[in-house]
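Text of query01.tsv (TSV, C-alpha atoms) as supplied:
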```tsv
chain	number	residue	atom	x	y	z
A	24	MET	CA	143.25	135.56	132.77
A	25	ILE	CA	146.09	138.04	132.51
A	26	LEU	CA	148.03	135.55	130.43
A	27	PHE	CA	145.18	135.51	127.95
A	28	TRP	CA	145.38	139.25	127.63
A	29	PHE	CA	149.14	139.24	127.13
A	30	LYS	CA	148.80	136.63	124.41
A	31	PHE	CA	146.25	138.77	122.65
A	32	VAL	CA	148.44	141.85	122.86
A	33	ALA	CA	151.49	139.96	121.61
A	34	ALA	CA	149.54	138.54	118.67
A	35	MET	CA	148.12	141.91	117.73
A	36	GLN	CA	151.47	143.64	117.99
A	37	GLY	CA	153.04	140.95	115.85
A	38	GLU	CA	150.53	141.57	113.11
A	39	PHE	CA	149.83	145.31	113.25
A	40	GLU	CA	151.52	148.43	114.44
A	41	MET	CA	149.77	149.07	117.71
A	42	SER	CA	149.74	151.68	120.39
A	43	MET	CA	148.68	150.58	123.83
A	44	MET	CA	146.41	153.03	125.52
A	45	GLY	CA	146.01	151.20	128.80
A	46	GLU	CA	142.78	151.04	130.70
A	47	LEU	CA	139.76	152.30	128.86
A	48	ASN	CA	138.95	155.81	130.11
A	49	TYR	CA	138.12	157.96	127.12
A	50	PHE	CA	136.57	156.72	123.96
A	51	LEU	CA	134.52	158.44	121.23
A	52	GLY	CA	133.68	161.30	123.57
A	53	LEU	CA	132.65	158.95	126.36
A	54	GLN	CA	134.48	159.39	129.64
A	55	ILE	CA	134.67	156.05	131.39
A	56	LYS	CA	135.74	155.46	134.95
A	57	GLN	CA	136.30	151.84	135.89
A	58	LEU	CA	136.23	151.47	139.64
A	59	ASN	CA	136.03	148.40	141.83
A	60	HIS	CA	132.41	148.92	142.78
A	61	GLY	CA	131.21	149.91	139.35
A	62	THR	CA	131.68	151.76	136.10
A	63	PHE	CA	130.74	155.36	135.56
A	64	LEU	CA	130.02	156.72	132.12
A	65	SER	CA	129.73	160.45	131.38
A	66	GLN	CA	130.12	162.90	128.52
A	67	THR	CA	131.21	166.02	130.41
A	68	LYS	CA	133.81	167.07	127.90
A	69	TYR	CA	131.58	166.41	124.94
A	70	CYS	CA	128.74	168.32	126.56
A	71	LYS	CA	130.91	171.36	127.20
A	72	GLU	CA	132.15	171.33	123.62
A	73	LEU	CA	128.58	171.07	122.43
A	74	LEU	CA	127.55	174.13	124.43
A	75	LYS	CA	130.52	176.01	123.03
A	76	LYS	CA	129.69	175.00	119.48
A	77	PHE	CA	126.26	176.58	119.77
A	78	ASP	CA	127.51	179.64	121.66
A	79	MET	CA	125.74	178.58	124.84
A	80	GLU	CA	128.72	178.08	127.13
A	81	ASN	CA	127.62	180.93	129.39
A	82	CYS	CA	123.90	180.30	129.30
A	83	LYS	CA	121.69	180.04	132.36
A	84	GLU	CA	120.90	176.68	133.86
A	85	ILE	CA	117.41	175.24	133.86
A	86	SER	CA	116.46	172.30	136.03
A	87	THR	CA	114.31	170.47	133.49
A	88	PRO	CA	114.85	169.73	129.80
A	89	MET	CA	111.34	170.76	128.84
A	90	ALA	CA	108.53	172.95	130.16
A	91	THR	CA	105.57	171.10	131.69
A	92	ASN	CA	103.14	172.98	129.46
A	93	CYS	CA	105.31	172.50	126.38
A	94	TYR	CA	103.22	172.10	123.26
A	95	LEU	CA	104.89	171.81	119.89
A	96	ASP	CA	103.17	171.60	116.53
A	97	SER	CA	104.33	172.33	113.00
A	98	ASP	CA	103.90	176.07	113.71
A	99	GLU	CA	103.49	177.03	110.07
A	100	LYS	CA	103.19	180.75	110.74
A	101	GLY	CA	106.38	180.95	112.81
A	102	THR	CA	109.67	182.29	111.52
A	103	SER	CA	111.93	179.68	109.98
A	104	VAL	CA	115.36	178.98	111.38
A	105	ASP	CA	118.50	177.62	109.73
A	106	GLN	CA	117.67	174.00	109.03
A	107	THR	CA	121.28	172.85	108.87
A	108	LYS	CA	122.02	174.29	112.27
A	109	TYR	CA	118.86	172.79	113.72
A	110	ARG	CA	119.70	169.35	112.38
A	111	GLY	CA	123.23	169.65	113.67
A	112	LEU	CA	121.93	170.48	117.11
A	113	ILE	CA	119.52	167.55	117.12
A	114	GLY	CA	122.27	165.17	115.99
A	115	SER	CA	124.63	166.36	118.68
A	116	LEU	CA	121.94	166.03	121.34
A	117	LEU	CA	121.15	162.50	120.17
A	118	TYR	CA	124.76	161.59	120.76
A	119	LEU	CA	124.47	163.02	124.23
A	120	THR	CA	121.66	160.59	125.03
A	121	THR	CA	124.32	157.85	125.25
A	122	SER	CA	125.08	158.75	128.83
A	123	ARG	CA	121.87	160.72	129.39
A	124	PRO	CA	118.79	158.71	128.45
A	125	ASN	CA	116.58	161.12	130.37
A	126	ILE	CA	116.71	163.73	127.62
A	127	MET	CA	115.72	161.18	125.00
A	128	PHE	CA	112.05	162.16	124.99
A	129	SER	CA	112.57	165.89	124.62
A	130	VAL	CA	115.26	165.49	121.98
A	131	CYS	CA	113.11	163.13	119.96
A	132	LEU	CA	110.15	165.46	120.25
A	133	CYS	CA	112.21	168.33	118.84
A	134	ALA	CA	113.65	166.01	116.20
A	135	ARG	CA	110.22	165.63	114.61
A	136	PHE	CA	110.35	169.16	113.24
A	137	GLN	CA	113.63	168.88	111.40
A	138	SER	CA	112.05	169.16	107.96
A	139	ASN	CA	110.72	172.64	108.68
A	140	PRO	CA	112.15	174.00	111.93
A	141	LYS	CA	110.66	177.20	113.35
A	142	GLU	CA	111.70	179.60	116.06
A	143	SER	CA	109.46	177.84	118.62
A	144	HIS	CA	111.13	174.49	117.98
A	145	PHE	CA	114.57	176.03	118.19
A	146	THR	CA	113.71	177.59	121.54
A	147	ALA	CA	112.57	174.22	122.87
A	148	THR	CA	115.77	172.59	121.65
A	149	LYS	CA	117.90	175.29	123.24
A	150	ARG	CA	116.15	174.62	126.50
A	151	ILE	CA	117.60	171.11	126.44
A	152	LEU	CA	121.02	172.71	126.07
A	153	LYS	CA	120.32	174.94	129.04
A	154	TYR	CA	119.33	171.89	131.01
A	155	SER	CA	122.53	170.11	130.07
A	156	GLN	CA	124.51	173.20	131.10
A	157	GLY	CA	123.57	172.52	134.70
A	158	THR	CA	124.05	168.76	134.46
A	159	THR	CA	127.31	168.34	132.57
A	160	ASN	CA	128.68	166.02	135.24
A	161	VAL	CA	125.88	163.50	135.43
A	162	GLY	CA	126.07	160.16	133.67
A	163	LEU	CA	125.33	156.48	133.96
A	164	CYS	CA	126.58	154.29	136.76
A	165	TYR	CA	126.84	150.54	136.35
A	166	LYS	CA	127.17	148.77	139.66
A	167	ALA	CA	129.42	145.76	139.90
A	168	THR	CA	126.79	143.34	141.07
A	169	ARG	CA	125.13	140.31	139.61
A	170	GLU	CA	121.81	141.05	141.22
A	171	VAL	CA	119.11	141.91	138.76
A	172	PHE	CA	116.94	144.75	139.92
A	173	CYS	CA	113.73	146.01	138.45
A	174	ASN	CA	111.20	148.51	139.70
B	10	MET	CA	140.31	151.66	84.41
B	11	ASN	CA	140.64	154.81	86.41
B	12	VAL	CA	143.76	156.37	87.78
B	13	ILE	CA	142.86	157.73	91.18
B	14	GLY	CA	144.28	161.07	92.21
B	15	ASN	CA	145.52	161.67	95.71
B	16	LYS	CA	146.44	164.53	97.96
B	17	TRP	CA	148.00	165.33	101.28
B	18	VAL	CA	145.88	166.32	104.23
B	19	PHE	CA	147.68	168.18	106.98
B	20	LYS	CA	146.30	168.46	110.45
B	21	ASP	CA	147.53	169.83	113.74
B	22	LYS	CA	146.77	167.78	116.79
B	23	LEU	CA	145.75	169.85	119.78
B	24	ASP	CA	145.82	168.92	123.43
B	25	GLU	CA	143.16	169.94	125.96
B	26	GLN	CA	144.46	173.51	126.21
B	27	GLY	CA	144.50	173.92	122.45
B	28	VAL	CA	148.27	173.80	122.16
B	29	ILE	CA	149.61	172.10	119.04
B	30	VAL	CA	151.31	168.89	120.07
B	31	ARG	CA	151.81	167.17	116.74
B	32	ASN	CA	151.61	167.91	113.04
B	33	LYS	CA	150.07	165.13	111.07
B	34	ALA	CA	150.22	164.41	107.37
B	35	ARG	CA	148.10	161.80	105.69
B	36	LEU	CA	147.99	160.77	102.07
B	37	VAL	CA	144.39	160.30	100.95
B	38	ALA	CA	143.06	158.91	97.70
B	39	LYS	CA	140.31	160.74	95.87
B	40	GLY	CA	137.93	157.83	96.19
B	41	TYR	CA	135.06	159.76	94.65
B	42	ASN	CA	136.56	159.08	91.22
B	43	GLN	CA	136.33	155.33	91.71
B	44	GLU	CA	133.89	153.47	89.55
B	45	GLU	CA	131.80	150.68	91.00
B	46	GLY	CA	132.51	147.25	89.54
B	47	ILE	CA	135.88	148.33	88.17
B	48	ASP	CA	137.74	149.99	90.99
B	49	TYR	CA	135.74	148.53	93.84
B	50	GLY	CA	133.22	145.82	94.56
B	51	LYS	CA	131.65	145.64	97.97
B	52	THR	CA	132.07	148.48	100.40
B	53	TYR	CA	130.00	147.53	103.44
B	54	ALA	CA	131.92	147.29	106.68
B	55	PRO	CA	130.35	146.59	110.06
B	56	VAL	CA	130.94	149.18	112.76
B	57	ALA	CA	130.08	148.76	116.42
B	58	ARG	CA	127.07	150.80	117.47
B	59	LEU	CA	127.28	152.99	120.49
B	60	GLU	CA	124.62	150.94	122.24
B	61	VAL	CA	126.88	147.95	121.86
B	62	VAL	CA	129.71	149.81	123.52
B	63	ARG	CA	127.43	150.65	126.41
B	64	LEU	CA	126.31	147.05	126.66
B	65	LEU	CA	129.91	145.91	126.73
B	66	LEU	CA	130.64	148.37	129.54
B	67	ALA	CA	127.71	147.07	131.56
B	68	TYR	CA	128.61	143.46	130.94
B	69	ALA	CA	132.26	143.99	131.82
B	70	CYS	CA	131.27	145.83	134.96
B	71	MET	CA	128.86	143.12	136.07
B	72	ASN	CA	131.50	140.45	135.67
B	73	GLY	CA	134.28	142.50	137.18
B	74	PHE	CA	136.35	142.69	133.99
B	75	LYS	CA	138.69	145.57	133.39
B	76	LEU	CA	138.43	146.96	129.88
B	77	HIS	CA	141.57	147.98	128.08
B	78	GLN	CA	141.90	150.02	124.98
B	79	MET	CA	144.33	149.69	122.15
B	80	ASP	CA	144.74	151.40	118.87
B	81	VAL	CA	146.00	150.24	115.50
B	82	LYS	CA	148.17	152.88	113.89
B	83	SER	CA	147.05	154.18	110.51
B	84	THR	CA	144.40	151.49	110.49
B	85	PHE	CA	143.13	151.55	106.94
B	86	LEU	CA	146.61	151.24	105.46
B	87	ASN	CA	146.61	147.64	106.72
B	88	GLY	CA	143.86	146.36	104.46
B	89	TYR	CA	144.81	144.42	101.34
B	90	ILE	CA	142.82	145.22	98.25
B	91	ASP	CA	141.51	142.69	95.76
B	92	GLU	CA	140.86	145.01	92.86
B	93	GLU	CA	143.46	146.51	90.59
B	94	VAL	CA	143.65	150.14	91.62
B	95	TYR	CA	146.12	152.65	90.26
B	96	VAL	CA	146.98	155.98	91.83
B	97	CYS	CA	148.84	159.00	90.55
B	98	GLN	CA	152.21	159.96	91.94
B	99	SER	CA	151.65	161.86	95.14
B	100	PRO	CA	152.08	165.64	95.10
B	101	GLY	CA	155.60	166.65	96.07
B	102	PHE	CA	156.96	163.18	95.37
B	103	GLU	CA	156.78	163.05	91.58
B	104	ASP	CA	159.42	161.21	89.65
B	105	HIS	CA	160.76	163.71	87.13
B	106	LYS	CA	162.24	161.03	84.91
B	107	HIS	CA	158.94	159.22	84.55
B	108	PRO	CA	156.18	161.75	85.06
B	109	ASN	CA	153.65	159.50	83.34
B	110	TYR	CA	154.09	156.52	85.64
B	111	VAL	CA	151.38	155.54	88.08
B	112	PHE	CA	151.40	153.28	91.15
B	113	LYS	CA	149.54	150.03	91.53
B	114	LEU	CA	148.15	149.62	95.03
B	115	LYS	CA	148.70	146.50	97.10
B	116	LYS	CA	147.15	147.87	100.25
B	117	ALA	CA	144.34	150.30	100.82
B	118	LEU	CA	144.68	154.05	101.21
B	119	TYR	CA	142.51	156.38	103.23
B	120	GLY	CA	139.71	157.67	101.04
B	121	LEU	CA	139.31	154.53	98.96
B	122	LYS	CA	135.77	153.21	98.93
B	123	GLN	CA	136.84	149.73	99.93
B	124	ALA	CA	139.30	150.78	102.65
B	125	PRO	CA	137.05	150.22	105.71
B	126	ARG	CA	135.80	146.89	104.43
B	127	GLN	CA	139.25	145.61	103.60
B	128	TRP	CA	140.49	146.59	107.02
B	129	TYR	CA	137.61	144.77	108.71
B	130	GLU	CA	138.29	141.78	106.47
B	131	ARG	CA	141.94	141.66	107.44
B	132	LEU	CA	141.30	142.09	111.15
B	133	SER	CA	138.49	139.56	111.29
B	134	ASN	CA	140.51	136.99	109.36
B	135	PHE	CA	143.37	137.53	111.74
B	136	LEU	CA	141.20	137.08	114.81
B	137	LEU	CA	139.34	134.09	113.36
B	138	SER	CA	142.65	132.40	112.59
B	139	HIS	CA	143.55	132.83	116.25
B	140	ALA	CA	140.48	130.84	117.29
B	141	TYR	CA	138.32	133.82	118.11
B	142	GLU	CA	134.65	133.46	117.44
B	143	ARG	CA	132.68	136.15	115.70
B	144	GLY	CA	129.47	137.34	117.32
B	145	LYS	CA	126.36	135.95	115.66
B	146	THR	CA	124.40	139.19	115.85
B	147	ASP	CA	127.08	141.73	116.44
B	148	LYS	CA	129.74	141.12	113.84
B	149	THR	CA	132.16	143.43	115.59
B	150	LEU	CA	132.44	141.36	118.75
B	151	PHE	CA	135.02	138.60	118.91
B	152	ILE	CA	135.16	136.11	121.74
B	153	LYS	CA	137.64	133.50	122.83
B	154	LYS	CA	136.93	131.13	125.68
B	155	THR	CA	138.75	128.44	127.58
B	156	PHE	CA	137.52	126.61	130.71
B	157	ASN	CA	137.51	129.60	132.94
B	158	ASP	CA	138.92	132.44	130.92
B	159	ILE	CA	137.20	134.64	128.43
B	160	ILE	CA	138.44	137.47	126.29
B	161	LEU	CA	136.09	139.82	124.49
B	162	VAL	CA	137.30	141.98	121.67
B	163	GLN	CA	135.06	144.73	120.45
B	164	VAL	CA	136.17	146.28	117.21
B	165	CYS	CA	135.17	149.87	116.62
B	166	CYS	CA	136.33	152.23	113.98
B	167	SER	CA	139.48	152.67	116.02
B	168	TYR	CA	139.28	150.41	118.99
B	169	ALA	CA	139.59	147.05	120.69
B	170	GLY	CA	139.10	146.33	124.32
B	171	ARG	CA	138.98	143.80	127.08
B	172	ILE	CA	140.21	141.76	129.88
```
Exercise: express the given structure as structure tokens:
Amino acid sequence: MILFWFKFVAAMQGEFEMSMMGELNYFLGLQIKQLNHGTFLSQTKYCKELLKKFDMENCKEISTPMATNCYLDSDEKGTSVDQTKYRGLIGSLLYLTTSRPNIMFSVCLCARFQSNPKESHFTATKRILKYSQGTTNVGLCYKATREVFCN
Amino acid sequence: MNVIGNKWVFKDKLDEQGVIVRNKARLVAKGYNQEEGIDYGKTYAPVARLEVVRLLLAYACMNGFKLHQMDVKSTFLNGYIDEEVYVCQSPGFEDHKHPNYVFKLKKALYGLKQAPRQWYERLSNFLLSHAYERGKTDKTLFIKKTFNDIILVQVCCSYAGRI
């Protein structure tokens, strides 16, 4: 198995100028830990940078990404917010769903108002950021087992 | 026929603390002046989706593979181009005896419309010639199998991995 790998490396190095980066641990903002009993995937660094980008690095933590009584509509009478910023925030949050599928619903709900974002939508989106503030370390864990489990 | 301009892009590489660790310079072509049909043909290049990366992680984990990462240096400069593309002399490196001369490109430059495609083309040809099989659905996954060994190569914009 190892021989196979060495052959591949040798062939690639013969053809292109390569740099070997060893075991996969950081890639496109994904932090990857490969352990014997499983693989852990998180975006801690990315998440912190995201909070910084939107000036939320010192914000309070909230335990849920969305209020239970949250109701969003087009809110035509509300004050408009910067659309570019709103879209940027949605895009960044969508990337965060890679290791955090649990915020998918709330992000996608907020994403529906990108064409005409209002203050109320922006507040809801910022709540997701506040939620991620308290959960920067969580991520996905793949267990090294062949058992298929479904509940 | 267009002569494509180019320029230097300078960038400082920072480490985690924000300290400059390296100064980078890259020559880029002003690909926005390229005309379709003359300076470039097809431009589509497959790129691995993030979901695919996650799937690969899960699959590798399940089978107890260790993934390794490697990086091709100045990737896009490796692609060969089929079209005749001419570029101006690069700023700071003009030939004073022949200021009107231009360069004909053999390989791609960053910024050219066809650069990503040509790079993918070169890499996939290389892997296919080494008996790797291209994924039927995911064109960025390359597999090689023997009786009991398997190697998976996932090609991302700057990445290949496996054991």
Expected answer as a list in words: chain A residues within 7 Å of chain B, all atoms listed in the file | Met24, Trp28, Phe39, Glu40, Met41, Ser42, Met43, Met44, Gly45, Glu46, Leu47, Gly61, Thr62, Tyr165, Lys166, Ala167, Thr168 and Arg169 of chain A
For A:Phe63, the nearest of the candidates A:Ser122, A:Asn139, A:Thr91, A:Ser155, counting only C-alpha atoms =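 Distance minimum relative to A:Phe63 lands on A:Ser122.
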Spatial neighbours of A:Leu119, max dist 8 Å, all atoms listed in the file, sep filter under 4 positions, as a list in words =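 My reading of the contact set: Gln66, Tyr69, Cys70, Ser115 and Arg123 of chain A.
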How many Å lie between atom CA of B:Gln43 and atom CA of B:Gln123, rounded to one decimal?
->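 A separation of 10.0 Å between them.
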Surrounding residues of B:Ile13 excluding itself and chain neighbours under 2 positions, 7 Å, all atoms listed in the file, as a count of residues only | 9
Contact residues around B:Lys33 with only C-alpha atoms at 6 Å, ignoring same-chain residues under 5 positions, as a list in words =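 These residues fall inside the cut-off: Phe19, Lys20 and Asp21 of chain B.
Distance-wise, atom CA of A:Ile151 and atom CA of A:Leu116 end up 8.4 Å apart.
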Any idea what the distance is between atom CA of B:Pro55 and atom CA of B:Arg143?
->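 So the answer is 12.1 Å.
Each of A:Lys108, A:Lys149, A:Lys68, A:Lys100 was compared to A:Ser129 using all atoms listed in the file, and A:Lys149 turns out to be the nearest.
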Contact residues around A:Thr148 with all atoms listed in the file at 12 Å, ignoring same-chain residues under 5 positions, as an mmCIF file with C-alpha atoms, in the frame of the given file:
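Everything below was put into part-v3.cif:
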```cif
data_model
loop_
_atom_site.group_PDB
_atom_site.id
_atom_site.type_symbol
_atom_site.label_atom_id
_atom_site.label_comp_id
_atom_site.auth_asym_id
_atom_site.auth_seq_id
_atom_site.Cartn_x
_atom_site.Cartn_y
_atom_site.Cartn_z
ATOM 1 C CA PHE A 77 126.260 176.580 119.770
ATOM 2 C CA PRO A 88 114.850 169.730 129.800
ATOM 3 C CA MET A 89 111.340 170.760 128.840
ATOM 4 C CA ALA A 90 108.530 172.950 130.160
ATOM 5 C CA CYS A 93 105.310 172.500 126.380
ATOM 6 C CA LEU A 95 104.890 171.810 119.890
ATOM 7 C CA LYS A 108 122.020 174.290 112.270
ATOM 8 C CA TYR A 109 118.860 172.790 113.720
ATOM 9 C CA ARG A 110 119.700 169.350 112.380
ATOM 10 C CA GLY A 111 123.230 169.650 113.670
ATOM 11 C CA LEU A 112 121.930 170.480 117.110
ATOM 12 C CA ILE A 113 119.520 167.550 117.120
ATOM 13 C CA GLY A 114 122.270 165.170 115.990
ATOM 14 C CA SER A 115 124.630 166.360 118.680
ATOM 15 C CA LEU A 116 121.940 166.030 121.340
ATOM 16 C CA LEU A 117 121.150 162.500 120.170
ATOM 17 C CA ILE A 126 116.710 163.730 127.620
ATOM 18 C CA MET A 127 115.720 161.180 125.000
ATOM 19 C CA PHE A 128 112.050 162.160 124.990
ATOM 20 C CA SER A 129 112.570 165.890 124.620
ATOM 21 C CA VAL A 130 115.260 165.490 121.980
ATOM 22 C CA CYS A 131 113.110 163.130 119.960
ATOM 23 C CA LEU A 132 110.150 165.460 120.250
ATOM 24 C CA CYS A 133 112.210 168.330 118.840
ATOM 25 C CA ALA A 134 113.650 166.010 116.200
ATOM 26 C CA ARG A 135 110.220 165.630 114.610
ATOM 27 C CA PHE A 136 110.350 169.160 113.240
ATOM 28 C CA GLN A 137 113.630 168.880 111.400
ATOM 29 C CA PRO A 140 112.150 174.000 111.930
ATOM 30 C CA LYS A 141 110.660 177.200 113.350
ATOM 31 C CA GLU A 142 111.700 179.600 116.060
ATOM 32 C CA SER A 143 109.460 177.840 118.620
ATOM 33 C CA LYS A 153 120.320 174.940 129.040
ATOM 34 C CA TYR A 154 119.330 171.890 131.010
ATOM 35 C CA SER A 155 122.530 170.110 130.070
#
```
Can you pull out the residues contacting A:Gln156? Cut-off 9 Å, using only C-alpha atoms, and skip same-chain residues under 5 positions away; I want them as a PDB file with C-alpha atoms, in the coordinates of the input.
```pdb
ATOM      1  CA  CYS A  70     128.740 168.320 126.560  1.00  0.00           C
ATOM      2  CA  LYS A  71     130.910 171.360 127.200  1.00  0.00           C
ATOM      3  CA  LEU A  74     127.550 174.130 124.430  1.00  0.00           C
ATOM      4  CA  MET A  79     125.740 178.580 124.840  1.00  0.00           C
ATOM      5  CA  GLU A  80     128.720 178.080 127.130  1.00  0.00           C
ATOM      6  CA  ASN A  81     127.620 180.930 129.390  1.00  0.00           C
ATOM      7  CA  CYS A  82     123.900 180.300 129.300  1.00  0.00           C
ATOM      8  CA  LYS A  83     121.690 180.040 132.360  1.00  0.00           C
ATOM      9  CA  GLU A  84     120.900 176.680 133.860  1.00  0.00           C
ATOM     10  CA  ILE A  85     117.410 175.240 133.860  1.00  0.00           C
ATOM     11  CA  ILE A 151     117.600 171.110 126.440  1.00  0.00           C
TER      12      ILE A 151
END
```
Using all atoms listed in the file, the residue out of A:Thr67, A:Ser86, A:Leu26, A:Gln54 with shortest distance to A:Thr159 is A:Thr67
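Remark: for B:Ala124, the closest of the candidate residues B:Glu92, B:Asp104, B:Glu142, B:Asp147 is B:Glu92 (distances computed over all atoms listed in the file).
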Box in all listed atoms of stretch 26-45 of chain B, axis-aligned, with 8 Å more on each side; write out centre and edge lengths in Å to one decimal as AutoDock Vina command-line options.
```
--center_x 141.8 --center_y 162.3 --center_z 107.9 --size_x 36.0 --size_y 39.2 --size_z 52.7
```
Which residue out of B:Leu118, B:Val94, B:Leu64, B:Leu23 has the minimum interatomic distance to B:Glu45 when all atoms listed in the file are used?
->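 Distance minimum relative to B:Glu45 lands on B:Val94.
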Pick out the closest residue to A:Glu72 from this set: A:Asp105, A:Gly52, A:Thr146, A:Thr158. Count all atoms listed in the file.
->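 With all atoms listed in the file as the atom set, the closest residue is A:Gly52.
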Filled-in N, CA and C atoms of stretch 139-159 of chain A, supplied as a PDB file, keeping the file's coordinate frame:
```
ATOM      1  N   ASN A 139     111.083 171.230 108.806  1.00  0.00           N
ATOM      2  CA  ASN A 139     110.720 172.640 108.680  1.00  0.00           C
ATOM      3  C   ASN A 139     110.793 173.323 110.048  1.00  0.00           C
ATOM      4  N   PRO A 140     112.022 173.494 110.566  1.00  0.00           N
ATOM      5  CA  PRO A 140     112.150 174.000 111.930  1.00  0.00           C
ATOM      6  C   PRO A 140     111.805 175.481 112.047  1.00  0.00           C
ATOM      7  N   LYS A 141     111.060 175.820 113.097  1.00  0.00           N
ATOM      8  CA  LYS A 141     110.660 177.200 113.350  1.00  0.00           C
ATOM      9  C   LYS A 141     111.308 177.688 114.640  1.00  0.00           C
ATOM     10  N   GLU A 142     111.133 178.977 114.871  1.00  0.00           N
ATOM     11  CA  GLU A 142     111.700 179.600 116.060  1.00  0.00           C
ATOM     12  C   GLU A 142     111.268 178.870 117.345  1.00  0.00           C
ATOM     13  N   SER A 143     109.980 178.483 117.404  1.00  0.00           N
ATOM     14  CA  SER A 143     109.460 177.840 118.620  1.00  0.00           C
ATOM     15  C   SER A 143     110.169 176.507 118.893  1.00  0.00           C
ATOM     16  N   HIS A 144     110.448 175.764 117.819  1.00  0.00           N
ATOM     17  CA  HIS A 144     111.130 174.490 117.980  1.00  0.00           C
ATOM     18  C   HIS A 144     112.568 174.707 118.441  1.00  0.00           C
ATOM     19  N   PHE A 145     113.171 175.733 117.857  1.00  0.00           N
ATOM     20  CA  PHE A 145     114.570 176.030 118.190  1.00  0.00           C
ATOM     21  C   PHE A 145     114.686 176.420 119.659  1.00  0.00           C
ATOM     22  N   THR A 146     113.708 177.192 120.131  1.00  0.00           N
ATOM     23  CA  THR A 146     113.710 177.590 121.540  1.00  0.00           C
ATOM     24  C   THR A 146     113.608 176.366 122.448  1.00  0.00           C
ATOM     25  N   ALA A 147     112.732 175.437 122.071  1.00  0.00           N
ATOM     26  CA  ALA A 147     112.570 174.220 122.870  1.00  0.00           C
ATOM     27  C   ALA A 147     113.853 173.399 122.890  1.00  0.00           C
ATOM     28  N   THR A 148     114.534 173.358 121.729  1.00  0.00           N
ATOM     29  CA  THR A 148     115.770 172.590 121.650  1.00  0.00           C
ATOM     30  C   THR A 148     116.870 173.239 122.492  1.00  0.00           C
ATOM     31  N   LYS A 149     116.878 174.588 122.454  1.00  0.00           N
ATOM     32  CA  LYS A 149     117.900 175.290 123.240  1.00  0.00           C
ATOM     33  C   LYS A 149     117.673 175.095 124.727  1.00  0.00           C
ATOM     34  N   ARG A 150     116.420 174.862 125.089  1.00  0.00           N
ATOM     35  CA  ARG A 150     116.150 174.620 126.500  1.00  0.00           C
ATOM     36  C   ARG A 150     116.828 173.333 126.977  1.00  0.00           C
ATOM     37  N   ILE A 151     116.900 172.351 126.090  1.00  0.00           N
ATOM     38  CA  ILE A 151     117.600 171.110 126.440  1.00  0.00           C
ATOM     39  C   ILE A 151     119.081 171.415 126.698  1.00  0.00           C
ATOM     40  N   LEU A 152     119.622 172.312 125.868  1.00  0.00           N
ATOM     41  CA  LEU A 152     121.020 172.710 126.070  1.00  0.00           C
ATOM     42  C   LEU A 152     121.207 173.393 127.412  1.00  0.00           C
ATOM     43  N   LYS A 153     120.238 174.240 127.749  1.00  0.00           N
ATOM     44  CA  LYS A 153     120.320 174.940 129.040  1.00  0.00           C
ATOM     45  C   LYS A 153     120.247 173.952 130.182  1.00  0.00           C
ATOM     46  N   TYR A 154     119.426 172.937 129.989  1.00  0.00           N
ATOM     47  CA  TYR A 154     119.330 171.890 131.010  1.00  0.00           C
ATOM     48  C   TYR A 154     120.665 171.168 131.146  1.00  0.00           C
ATOM     49  N   SER A 155     121.277 170.842 129.999  1.00  0.00           N
ATOM     50  CA  SER A 155     122.530 170.110 130.070  1.00  0.00           C
ATOM     51  C   SER A 155     123.663 170.973 130.626  1.00  0.00           C
ATOM     52  N   GLN A 156     123.518 172.296 130.517  1.00  0.00           N
ATOM     53  CA  GLN A 156     124.510 173.200 131.100  1.00  0.00           C
ATOM     54  C   GLN A 156     124.661 172.951 132.599  1.00  0.00           C
ATOM     55  N   GLY A 157     123.526 172.723 133.259  1.00  0.00           N
ATOM     56  CA  GLY A 157     123.570 172.520 134.700  1.00  0.00           C
ATOM     57  C   GLY A 157     123.867 171.091 135.106  1.00  0.00           C
ATOM     58  N   THR A 158     123.903 170.183 134.122  1.00  0.00           N
ATOM     59  CA  THR A 158     124.050 168.760 134.460  1.00  0.00           C
ATOM     60  C   THR A 158     125.177 168.113 133.663  1.00  0.00           C
ATOM     61  N   THR A 159     126.227 168.892 133.390  1.00  0.00           N
ATOM     62  CA  THR A 159     127.310 168.340 132.570  1.00  0.00           C
ATOM     63  C   THR A 159     127.987 167.136 133.214  1.00  0.00           C
TER      64      THR A 159
END
```
